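Enquirer: Sending over target_6.txt (compact mmCIF, C-alpha atoms).
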# COMPACT_ATOMS: atom_id res chain seq x y z
CA MET A 1 1.09 -11.07 -10.44
CA ASP A 2 0.83 -13.41 -7.45
CA PRO A 3 -2.07 -15.84 -8.07
CA ASN A 4 -2.64 -16.05 -4.30
CA GLU A 5 -3.06 -12.33 -3.63
CA ILE A 6 -6.45 -10.78 -3.04
CA VAL A 7 -8.38 -9.66 -6.14
CA ILE A 8 -10.47 -6.51 -5.70
CA ASP A 9 -13.24 -5.07 -7.84
CA PRO A 10 -11.67 -2.07 -9.69
CA GLN A 11 -14.74 -0.01 -8.85
CA VAL A 12 -13.94 -0.13 -5.12
CA PRO A 13 -12.56 3.25 -3.91
CA ALA A 14 -8.77 3.50 -3.70
CA ASP A 15 -8.63 3.96 0.09
CA ILE A 16 -10.83 0.91 0.64
CA ARG A 17 -8.68 -1.09 -1.78
CA GLY A 18 -5.66 -0.21 0.34
CA GLN A 19 -7.34 -1.47 3.50
CA LEU A 20 -8.49 -4.69 1.84
CA ALA A 21 -5.04 -5.33 0.35
CA LYS A 22 -3.36 -5.34 3.77
CA ALA A 23 -6.10 -7.32 5.55
CA PRO A 24 -4.95 -10.70 6.92
CA ARG A 25 -6.72 -13.65 5.34
CA ARG A 26 -8.49 -14.48 8.60
CA ARG A 27 -10.12 -11.04 8.52
CA LEU A 28 -11.59 -11.57 5.05
CA ILE A 29 -15.12 -12.93 4.76
CA ALA A 30 -15.59 -15.87 2.41
CA PHE A 31 -17.19 -14.93 -0.90
CA GLY A 32 -19.85 -17.62 -0.47
CA ALA A 33 -20.68 -16.67 3.12
CA ALA A 34 -23.87 -14.88 4.06
CA PRO A 35 -23.60 -11.09 3.90
CA PRO A 36 -22.10 -9.91 7.21
CA ASP A 37 -23.27 -7.14 9.48
CA VAL A 38 -21.50 -4.01 8.28
CA VAL A 39 -19.12 -2.51 10.80
CA PRO A 40 -19.81 1.25 10.85
CA ALA A 41 -16.97 3.39 9.58
CA PRO A 42 -17.16 6.20 12.19
CA ARG A 43 -16.74 4.17 15.38
CA LYS A 44 -16.53 6.20 18.59
CA ARG A 45 -13.14 6.19 20.25
CA SER A 46 -11.93 7.91 23.39
CA GLY A 47 -8.86 10.10 23.35
CA ASP A 48 -9.08 12.00 20.08
CA VAL A 49 -5.72 13.20 18.80
CA LEU A 50 -4.59 16.27 16.90
CA THR A 51 -4.70 16.14 13.14
CA PRO A 52 -1.34 16.72 11.37
CA GLN A 53 -2.47 20.28 10.57
CA GLY A 54 -3.54 20.87 14.17
CA ARG A 55 -0.23 19.57 15.47
CA LYS A 56 1.67 21.87 13.10
CA ALA A 57 -0.39 24.86 14.24
CA VAL A 58 0.28 24.12 17.92
CA ILE A 59 4.02 23.77 17.28
CA THR A 60 4.08 27.01 15.27
CA VAL A 61 2.30 29.01 17.99
CA ALA A 62 4.45 27.49 20.73
CA SER A 63 7.69 28.27 18.86
CA MET A 64 6.50 31.83 18.25
CA ALA A 65 5.87 32.24 21.98
CA VAL A 66 9.34 30.90 22.82
CA PHE A 67 10.99 33.29 20.37
CA PHE A 68 8.91 36.19 21.78
CA VAL A 69 10.03 35.49 25.35
CA ALA A 70 13.63 35.09 24.22
CA THR A 71 13.45 38.38 22.29
CA ILE A 72 12.10 40.33 25.28
CA THR A 73 14.69 38.79 27.58
CA ALA A 74 17.56 39.55 25.20
CA TRP A 75 16.63 43.20 24.67
CA VAL A 76 15.99 43.82 28.37
CA SER A 77 19.41 42.36 29.10
CA ALA A 78 21.00 44.56 26.42
CA VAL A 79 19.31 47.84 27.45
CA ALA A 80 18.88 47.54 31.21
CA PHE A 81 21.92 45.49 32.16
CA HIS A 82 24.25 46.45 29.28
CA VAL A 83 25.15 42.84 28.46
CA PRO A 84 27.46 43.11 25.40
CA TRP A 85 26.28 40.05 23.48
CA ALA A 86 22.58 40.45 24.35
CA ALA A 87 21.94 42.87 21.45
CA LEU A 88 23.14 40.29 18.91
CA LEU A 89 20.97 37.65 20.54
CA GLY A 90 18.05 40.10 20.49
CA VAL A 91 18.44 40.64 16.73
CA ALA A 92 18.55 36.88 16.08
CA THR A 93 15.52 36.09 18.26
CA THR A 94 13.58 38.99 16.74
CA VAL A 95 14.13 37.55 13.27
CA GLY A 96 13.03 34.12 14.50
CA TRP A 97 9.94 35.57 16.18
CA LEU A 98 8.91 37.46 13.05
CA ASN A 99 9.37 34.31 10.97
CA ARG A 100 7.13 32.30 13.33
CA LEU A 101 4.61 35.16 13.51
CA ILE A 102 4.24 35.17 9.71
CA ALA A 103 3.85 31.36 9.66
CA THR A 104 1.21 31.35 12.41
CA ALA A 105 -1.75 32.62 10.40
CA PRO A 106 -1.47 30.01 7.57
CA ALA A 107 -0.95 27.23 10.12
CA LEU A 108 -4.05 28.23 12.09
CA GLU A 109 -6.11 28.49 8.90
CA ALA A 110 -4.97 25.04 7.72
CA ALA A 111 -5.85 23.52 11.10
CA HIS A 112 -9.25 25.16 11.02
CA GLN A 113 -9.98 23.84 7.51
CA ALA A 114 -8.83 20.29 8.30
CA ARG A 115 -10.34 20.22 11.82
CA TRP A 116 -8.12 20.30 14.86
CA ARG A 117 -8.73 16.80 16.22
CA GLN A 118 -9.50 13.34 14.87
CA ARG A 119 -10.11 9.89 16.25
CA PRO A 120 -6.94 7.79 16.37
CA LEU A 121 -6.64 5.38 13.44
CA THR A 122 -5.79 1.74 14.02
CA ALA A 123 -3.64 0.71 11.07
CA ASN A 124 -2.61 -2.64 12.58
CA PRO A 125 -4.86 -5.36 11.05
CA SER A 126 -4.28 -7.55 14.11
CA HIS A 127 -5.86 -4.95 16.41
CA PRO A 128 -9.44 -5.90 17.45
CA ALA A 129 -10.67 -2.42 16.47
CA TRP A 130 -8.81 -2.28 13.15
CA ASP A 131 -10.36 0.40 10.95
CA GLY A 132 -10.29 -1.86 7.91
CA LEU A 133 -13.12 -3.98 9.34
CA HIS A 134 -15.53 -1.57 7.73
CA ALA A 135 -13.97 -2.25 4.33
CA VAL A 136 -14.05 -6.02 4.88
CA THR A 137 -17.74 -6.06 5.80
CA ALA A 138 -19.14 -3.23 3.68
CA TYR A 139 -17.45 -4.47 0.48
CA HIS A 140 -18.17 -8.17 0.90
CA ARG A 141 -18.23 -9.96 -2.47
CA GLN A 142 -16.28 -7.12 -4.05
CA TYR A 143 -13.04 -8.93 -3.23
CA VAL A 144 -11.89 -12.50 -3.74
CA SER A 145 -9.19 -14.35 -1.85
CA PRO A 146 -8.18 -17.19 -4.23
CA GLY A 147 -6.89 -19.47 -1.46
CA GLN A 148 -10.14 -19.13 0.46
CA ASP A 149 -12.80 -18.51 -2.18
CA MET A 150 -11.73 -20.81 -5.02
CA ASP A 151 -11.68 -24.59 -5.11
CA ALA A 152 -8.78 -26.54 -6.63
CA GLU A 153 -10.18 -26.47 -10.18
CA ALA A 154 -10.87 -22.74 -9.99
CA ARG A 155 -7.41 -21.98 -8.56
CA ALA A 156 -5.78 -23.80 -11.49
CA THR A 157 -7.80 -21.69 -13.94
CA TRP A 158 -7.02 -18.50 -12.02
CA ALA A 159 -3.30 -19.32 -12.02
CA ARG A 160 -3.41 -19.33 -15.83
CA ALA A 161 -5.13 -15.93 -15.90
CA ALA A 162 -2.63 -14.46 -13.42
CA GLU A 163 0.33 -15.81 -15.40
CA ALA A 164 -1.04 -14.30 -18.63
CA ALA A 165 -1.59 -10.95 -16.89
CA THR A 166 2.00 -10.98 -15.63
CA ARG A 167 3.33 -11.60 -19.14
CA LEU A 168 1.18 -8.78 -20.48
CA ARG A 169 2.36 -6.25 -17.91
CA ARG A 170 6.00 -7.16 -18.47
CA SER A 171 5.79 -7.18 -22.27
CA GLU A 172 8.17 -4.82 -24.04
CA VAL A 173 5.58 -3.69 -26.58
CA VAL A 174 3.15 -2.88 -23.76
CA THR A 175 5.59 -0.98 -21.56
CA ALA A 176 6.86 0.92 -24.61
CA GLY A 177 3.30 1.90 -25.52
CA LEU A 178 3.39 0.17 -28.92
CA VAL A 179 0.41 -1.91 -27.87
CA ASP A 180 -2.41 0.22 -26.49
CA SER A 181 -1.38 0.36 -22.83
CA VAL A 182 -4.84 1.65 -21.85
CA GLN A 183 -6.15 -1.84 -22.56
CA VAL A 184 -3.67 -3.25 -20.06
CA THR A 185 -3.69 -0.60 -17.34
CA THR A 186 -7.41 0.22 -17.46
CA VAL A 187 -9.31 -2.71 -18.95
CA LEU A 188 -7.17 -5.62 -17.73
CA PRO A 189 -8.12 -5.18 -14.01
CA TYR A 190 -11.82 -5.38 -14.97
CA HIS A 191 -11.19 -8.47 -17.08
CA LEU A 192 -9.31 -10.16 -14.24
CA TRP A 193 -11.98 -9.22 -11.71
CA GLU A 194 -14.72 -10.72 -13.89
CA ILE A 195 -12.77 -13.98 -14.07
CA ALA A 196 -12.01 -14.07 -10.32
CA GLU A 197 -15.59 -13.14 -9.33
CA ARG A 198 -17.08 -15.86 -11.55
CA LEU A 199 -14.62 -18.46 -10.29
CA ALA A 200 -15.43 -17.60 -6.66
CA ARG A 201 -19.17 -17.72 -7.31
CA LEU A 202 -18.89 -21.04 -9.15
CA SER A 203 -16.68 -22.50 -6.40
CA ALA A 204 -19.23 -21.50 -3.74
CA LEU A 205 -22.07 -23.15 -5.67
CA ARG A 206 -20.06 -26.33 -6.19
CA ALA A 207 -19.29 -26.44 -2.46
CA GLN A 208 -22.99 -26.02 -1.65
CA HIS A 209 -23.84 -28.90 -3.98
CA GLN A 210 -21.31 -31.13 -2.23
CA ALA A 211 -22.69 -30.25 1.19
CA ILE A 212 -26.34 -30.74 0.18
CA LEU A 213 -25.73 -34.03 -1.65
CA ARG A 214 -23.65 -35.61 1.10
CA GLY A 215 -25.35 -38.94 1.80
CA VAL A 216 -27.91 -38.37 -0.97
CA ASP A 217 -28.22 -40.35 -4.21
CA ALA A 218 -27.70 -37.76 -6.95
CA SER A 219 -29.32 -40.07 -9.50
CA ASP A 220 -32.63 -40.09 -7.64
CA PRO A 221 -35.25 -38.75 -10.11
CA ASP A 222 -36.51 -36.05 -7.78
CA VAL A 223 -32.96 -34.90 -7.04
CA ALA A 224 -31.75 -35.20 -10.63
CA ALA A 225 -34.66 -33.11 -11.91
CA LEU A 226 -33.27 -30.10 -10.02
CA LEU A 227 -29.61 -31.01 -10.13
CA ALA A 228 -29.26 -31.51 -13.90
CA PRO A 229 -30.12 -27.94 -14.97
CA GLN A 230 -28.01 -26.52 -12.15
CA ARG A 231 -25.01 -28.56 -13.25
CA ARG A 232 -25.67 -27.43 -16.80
CA ALA A 233 -25.51 -23.84 -15.53
CA HIS A 234 -22.15 -24.69 -13.94
CA GLU A 235 -20.86 -25.97 -17.26
CA LEU A 236 -22.00 -22.87 -19.09
CA ALA A 237 -20.32 -20.65 -16.49
CA ARG A 238 -17.12 -22.67 -16.66
CA SER A 239 -17.15 -22.41 -20.46
CA ASP A 240 -17.59 -18.63 -20.24
CA ILE A 241 -14.70 -18.36 -17.78
CA GLU A 242 -12.52 -20.54 -20.00
CA ASP A 243 -13.24 -18.28 -22.97
CA ARG A 244 -12.17 -15.23 -20.96
CA VAL A 245 -8.97 -16.86 -19.75
CA ARG A 246 -8.15 -18.12 -23.25
CA GLN A 247 -8.69 -14.61 -24.64
CA LEU A 248 -6.23 -13.28 -22.07
CA GLU A 249 -3.70 -15.99 -22.89
CA GLU A 250 -3.99 -15.28 -26.62
CA PHE A 251 -3.39 -11.59 -25.99
CA ALA A 252 -0.31 -12.42 -23.89
CA GLU A 253 0.92 -14.84 -26.57
CA LEU A 254 0.61 -12.21 -29.29
CA THR A 255 2.45 -9.59 -27.23
CA GLY A 256 5.17 -12.19 -26.66
CA GLN A 257 5.41 -12.77 -30.39
CA ALA A 258 5.56 -9.01 -30.95
CA ASP A 259 8.40 -8.79 -28.41
CA ALA A 260 10.28 -11.53 -30.25
CA ALA A 261 9.70 -9.83 -33.62
CA ARG A 262 11.06 -6.55 -32.30
CA ARG A 263 14.12 -8.28 -30.86
CA ARG A 264 14.69 -9.95 -34.24
CA GLU A 265 14.26 -6.60 -35.99
CA ARG A 266 16.83 -4.96 -33.72
CA ALA A 267 19.26 -7.83 -34.27
CA VAL A 268 18.92 -7.57 -38.07
CA ARG A 269 19.42 -3.80 -38.00
CA GLN A 270 22.51 -4.14 -35.80
CA LEU A 271 23.96 -6.94 -37.94
CA ALA A 272 23.42 -4.84 -41.06
CA THR A 273 25.55 -2.06 -39.61
CA LEU A 274 28.46 -4.51 -39.37
CA ASN A 275 28.49 -5.36 -43.09
CA GLU A 276 30.83 -2.55 -44.05
CA SER A 277 33.33 -3.54 -41.37
CA HIS A 278 33.28 -7.14 -42.58
CA GLN A 279 33.82 -6.01 -46.18
CA GLU A 280 36.89 -4.07 -45.07
CA LEU A 281 38.09 -7.16 -43.22
CA LEU A 282 37.77 -9.32 -46.34
CA ALA A 283 39.39 -6.67 -48.57
CA GLN A 284 42.47 -6.64 -46.37
CA ILE A 285 43.00 -10.38 -46.69
CA GLY A 286 42.28 -10.50 -50.43
CA HIS A 287 39.29 -12.87 -50.41
CA LYS A 288 37.45 -11.41 -53.36
CA ALA A 289 34.77 -14.12 -53.49
CA GLY A 290 33.85 -13.57 -49.88
CA HIS A 291 33.84 -9.82 -50.46
CA ASP A 292 31.35 -10.13 -53.33
CA GLU A 293 29.14 -12.50 -51.37
CA LEU A 294 28.98 -10.13 -48.42
CA ALA A 295 28.31 -7.18 -50.72
CA GLU A 296 25.30 -8.99 -52.05
CA GLN A 297 24.06 -9.54 -48.52
CA VAL A 298 24.18 -5.79 -47.92
CA SER A 299 21.32 -5.45 -50.39
CA VAL A 300 19.12 -7.93 -48.49
CA ASP A 301 15.86 -6.18 -47.78
CA VAL A 302 15.64 -5.61 -44.01
CA GLN A 303 12.20 -4.09 -44.54
CA ALA A 304 10.62 -7.58 -44.57
CA ILE A 305 11.80 -8.14 -41.01
CA ILE A 306 10.53 -4.70 -39.98
CA ASP A 307 7.16 -5.44 -41.58
CA GLN A 308 6.94 -8.70 -39.65
CA ALA A 309 7.55 -6.87 -36.38
CA ASN A 310 4.95 -4.23 -37.23
CA GLU A 311 2.41 -6.91 -38.14
CA ALA A 312 3.02 -8.70 -34.84
CA VAL A 313 2.40 -5.46 -32.94
CA ARG A 314 -0.77 -4.85 -34.96
CA GLN A 315 -2.12 -8.30 -34.15
CA ALA A 316 -1.40 -7.78 -30.44
CA ASN A 317 -3.28 -4.48 -30.59
CA GLU A 318 -6.25 -6.18 -32.23
CA ALA A 319 -6.32 -8.82 -29.50
CA GLY A 320 -6.10 -6.15 -26.81
CA ARG A 321 -9.12 -4.32 -28.21
CA GLY A 322 -11.12 -7.46 -27.55
CA LEU A 323 -10.86 -6.71 -23.83
CA VAL A 324 -13.59 -4.12 -23.51
CA LEU A 325 -14.61 -2.10 -20.50
CA PRO A 326 -17.75 -3.44 -18.80
CA GLU A 327 -20.93 -1.52 -19.31
CA LYS A 328 -21.95 0.62 -16.33
Represent the structure of the file as structure tokens.

Expert:
Amino acid sequence: MDPNEIVIDPQVPADIRGQLAKAPRRRLIAFGAAPPDVVPAPRKRSGDVLTPQGRKAVITVASMAVFFVATITAWVSAVAFHVPWAALLGVATTVGWLNRLIATAPALEAAHQARWRQRPLTANPSHPAWDGLHAVTAYHRQYVSPGQDMDAEARATWARAAEAATRLRRSEVVTAGLVDSVQVTTVLPYHLWEIAERLARLSALRAQHQAILRGVDASDPDVAALLAPQRRAHELARSDIEDRVRQLEEFAELTGQADAARRRERAVRQLATLNESHQELLAQIGHKAGHDELAEQVSVDVQAIIDQANEAVRQANEAGRGLVLPEK
């Protein structure tokens, strides 16, 4: 996970998320900025274009007309002018015309259901009338751009959260489904959004404090009376964010330990399968003492290693269940 990429509230609709994800940074509105005027989604544009279904219907009807003309021409040539090859051409064009005729009705129905025309979409974010402007304005404060919306301290904290999320998503026990993958695929985005949103909000408030207090003595009694509880609120928010990030890091650490335990388990199992071959090797060279020693090792209980791996997976699962879905 790139710590610099935009973070979007998971509750934002998928199509809006796609528009926000491709928006250039200069198009994004700072989290701490005043709410912008919302750009309406259905902006009027001249020169409506055919929908994909409408275009398919037009092509189908046009091709049917071409085959019909070709069929009439071929059969007239065959019957009236006795052109030898015209009959074969007439058969071929008749088949093509019938095929297009059968396809015409579904194509027309699909175009009617989807509407024949639509306003042209502007997918290029650099275009002044880019359609994503509605997403950028209507969903203000439901996305965070770390480079723009977080100060240096917040970005350092966010980098830790992003690194832990990357380790979680790449973990073997997660991808294999041994650790409840629902916690990672469903709950993790909410957990990350809560961290990013709080960091952006805290960064905006800290920036406002700096701007207001520029040239002002913060120790002045009248100023301090208001400033002290606000700074205390900052500390409480920072502590809450730190707890969330630490919880994520602990989850990632436990999945890493579970990965290591499973690798150790596989290694022990594979080494155990080689014992018989090594016994045969020692028997051939007559080293009885070595043979007996290796035979004893065959009886080593591998189950202890397996139990350790299972316990590591269980602990990772317990940590994952601590990431709960937010209440709606």

Enquirer: Hey, what's within 12 Å of Ala207 (chain A) if we count only C-alpha atoms and toss same-chain stuff fewer than 2 positions away? As JSON, numbers by chain, please?

Expert: {"A": [31, 32, 33, 149, 150, 151, 152, 153, 154, 200, 201, 202, 203, 204, 205, 209, 210, 211, 212, 213, 214, 234]}

Enquirer: Which neighbours of region 164-170 of chain A fall inside 6 Å, counting all atoms listed in the file, when residues of the same chain fewer than 5 positions from it are skipped, and could you give them as a ChimeraX atom specification?

Expert: /A:1,249,252

Enquirer: How far is it from CA of Pro146 (chain A) to CA of Pro3 (chain A), in Å with one decimal?

Expert: 7.3 Å

Enquirer: Mind listing as number ranges by chain all residues within 9 Å of (-18.0, -7.8, -3.4), counting only C-alpha atoms?

Expert: A: 8-9, 12, 31, 138-144, 197

Enquirer: Which is closer to Ser171 (chain A) than all the others in A:Asp259, A:Glu109, A:Asp243, A:Glu250, using only C-alpha atoms?

Expert: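 Among the listed residues, the smallest separation from Ser171 (chain A) belongs to A:Asp259.
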
Enquirer: Between CA of Leu101 (chain A) and CA of Val83 (chain A), what is the spacing in Å?

Expert: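 It comes out at 26.5 Å.
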
Enquirer: Grab the CA of Thr175 (chain A) to CA of Arg262 (chain A) distance for me, in Å with one decimal place.

Expert: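 Interatomic distance, CA of Thr175 (chain A) to CA of Arg262 (chain A): 13.3 Å.
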
Enquirer: Of the candidates A:Val268, A:Pro229, A:Val174, A:Phe67, which shows the shortest atom-to-atom distance to Thr255 (chain A), using all atoms listed in the file?

Expert: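 Between A:Val268, A:Pro229, A:Val174, A:Phe67, the residue approaching Thr255 (chain A) most closely is A:Val174.
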
Enquirer: Would you list the contacts of Met64 (chain A) as number ranges by chain, taking every protein, DNA or RNA residue within 7 Å and counting all atoms listed in the file, but skipping same-chain residues closer than 4 positions in sequence?

Expert: A: 60, 68, 97, 100-101

Enquirer: Which residues are near Pro10 (chain A)? Cut-off 10 Å, all atoms listed in the file, ignore same chain within fewer than 6 positions. Put them as a PyMOL selection string.

Expert: chain A and resi 17+142-143+186-193

Enquirer: If we count only C-alpha atoms and set the cut-off at 9 Å, which residues sit around Gln19 (chain A), ignoring sequence neighbours fewer than 2 positions away in its own chain? Please answer as a ChimeraX atom specification.

Expert: /A:14-17,21-23,123,125,131-133,135-136

Enquirer: Could you tell me, as a ChimeraX atom specification, which residues have any atom at most 12 Å from (8.4, 29.2, 20.0), counting all atoms listed in the file?

Expert: /A:57-71,93-94,96-101,103-104

Enquirer: With C-alpha atoms retained, export the selected residues as a PDB file, keeping the file's coordinate frame.

Expert:
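As a result, out_35.pdb now contains:
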ATOM      1  CA  ALA A  57      -0.390  24.860  14.240  1.00  0.00           C
ATOM      2  CA  VAL A  58       0.280  24.120  17.920  1.00  0.00           C
ATOM      3  CA  ILE A  59       4.020  23.770  17.280  1.00  0.00           C
ATOM      4  CA  THR A  60       4.080  27.010  15.270  1.00  0.00           C
ATOM      5  CA  VAL A  61       2.300  29.010  17.990  1.00  0.00           C
ATOM      6  CA  ALA A  62       4.450  27.490  20.730  1.00  0.00           C
ATOM      7  CA  SER A  63       7.690  28.270  18.860  1.00  0.00           C
ATOM      8  CA  MET A  64       6.500  31.830  18.250  1.00  0.00           C
ATOM      9  CA  ALA A  65       5.870  32.240  21.980  1.00  0.00           C
ATOM     10  CA  VAL A  66       9.340  30.900  22.820  1.00  0.00           C
ATOM     11  CA  PHE A  67      10.990  33.290  20.370  1.00  0.00           C
ATOM     12  CA  PHE A  68       8.910  36.190  21.780  1.00  0.00           C
ATOM     13  CA  VAL A  69      10.030  35.490  25.350  1.00  0.00           C
ATOM     14  CA  ALA A  70      13.630  35.090  24.220  1.00  0.00           C
ATOM     15  CA  THR A  71      13.450  38.380  22.290  1.00  0.00           C
ATOM     16  CA  THR A  93      15.520  36.090  18.260  1.00  0.00           C
ATOM     17  CA  THR A  94      13.580  38.990  16.740  1.00  0.00           C
ATOM     18  CA  GLY A  96      13.030  34.120  14.500  1.00  0.00           C
ATOM     19  CA  TRP A  97       9.940  35.570  16.180  1.00  0.00           C
ATOM     20  CA  LEU A  98       8.910  37.460  13.050  1.00  0.00           C
ATOM     21  CA  ASN A  99       9.370  34.310  10.970  1.00  0.00           C
ATOM     22  CA  ARG A 100       7.130  32.300  13.330  1.00  0.00           C
ATOM     23  CA  LEU A 101       4.610  35.160  13.510  1.00  0.00           C
ATOM     24  CA  ALA A 103       3.850  31.360   9.660  1.00  0.00           C
ATOM     25  CA  THR A 104       1.210  31.350  12.410  1.00  0.00           C
TER      26      THR A 104
END

Enquirer: With only C-alpha atoms as the atoms that count, which of A:Val7, A:Ala34, A:Ala218, A:Leu89 lies nearest to Val76 (chain A)?

Expert: A:Leu89
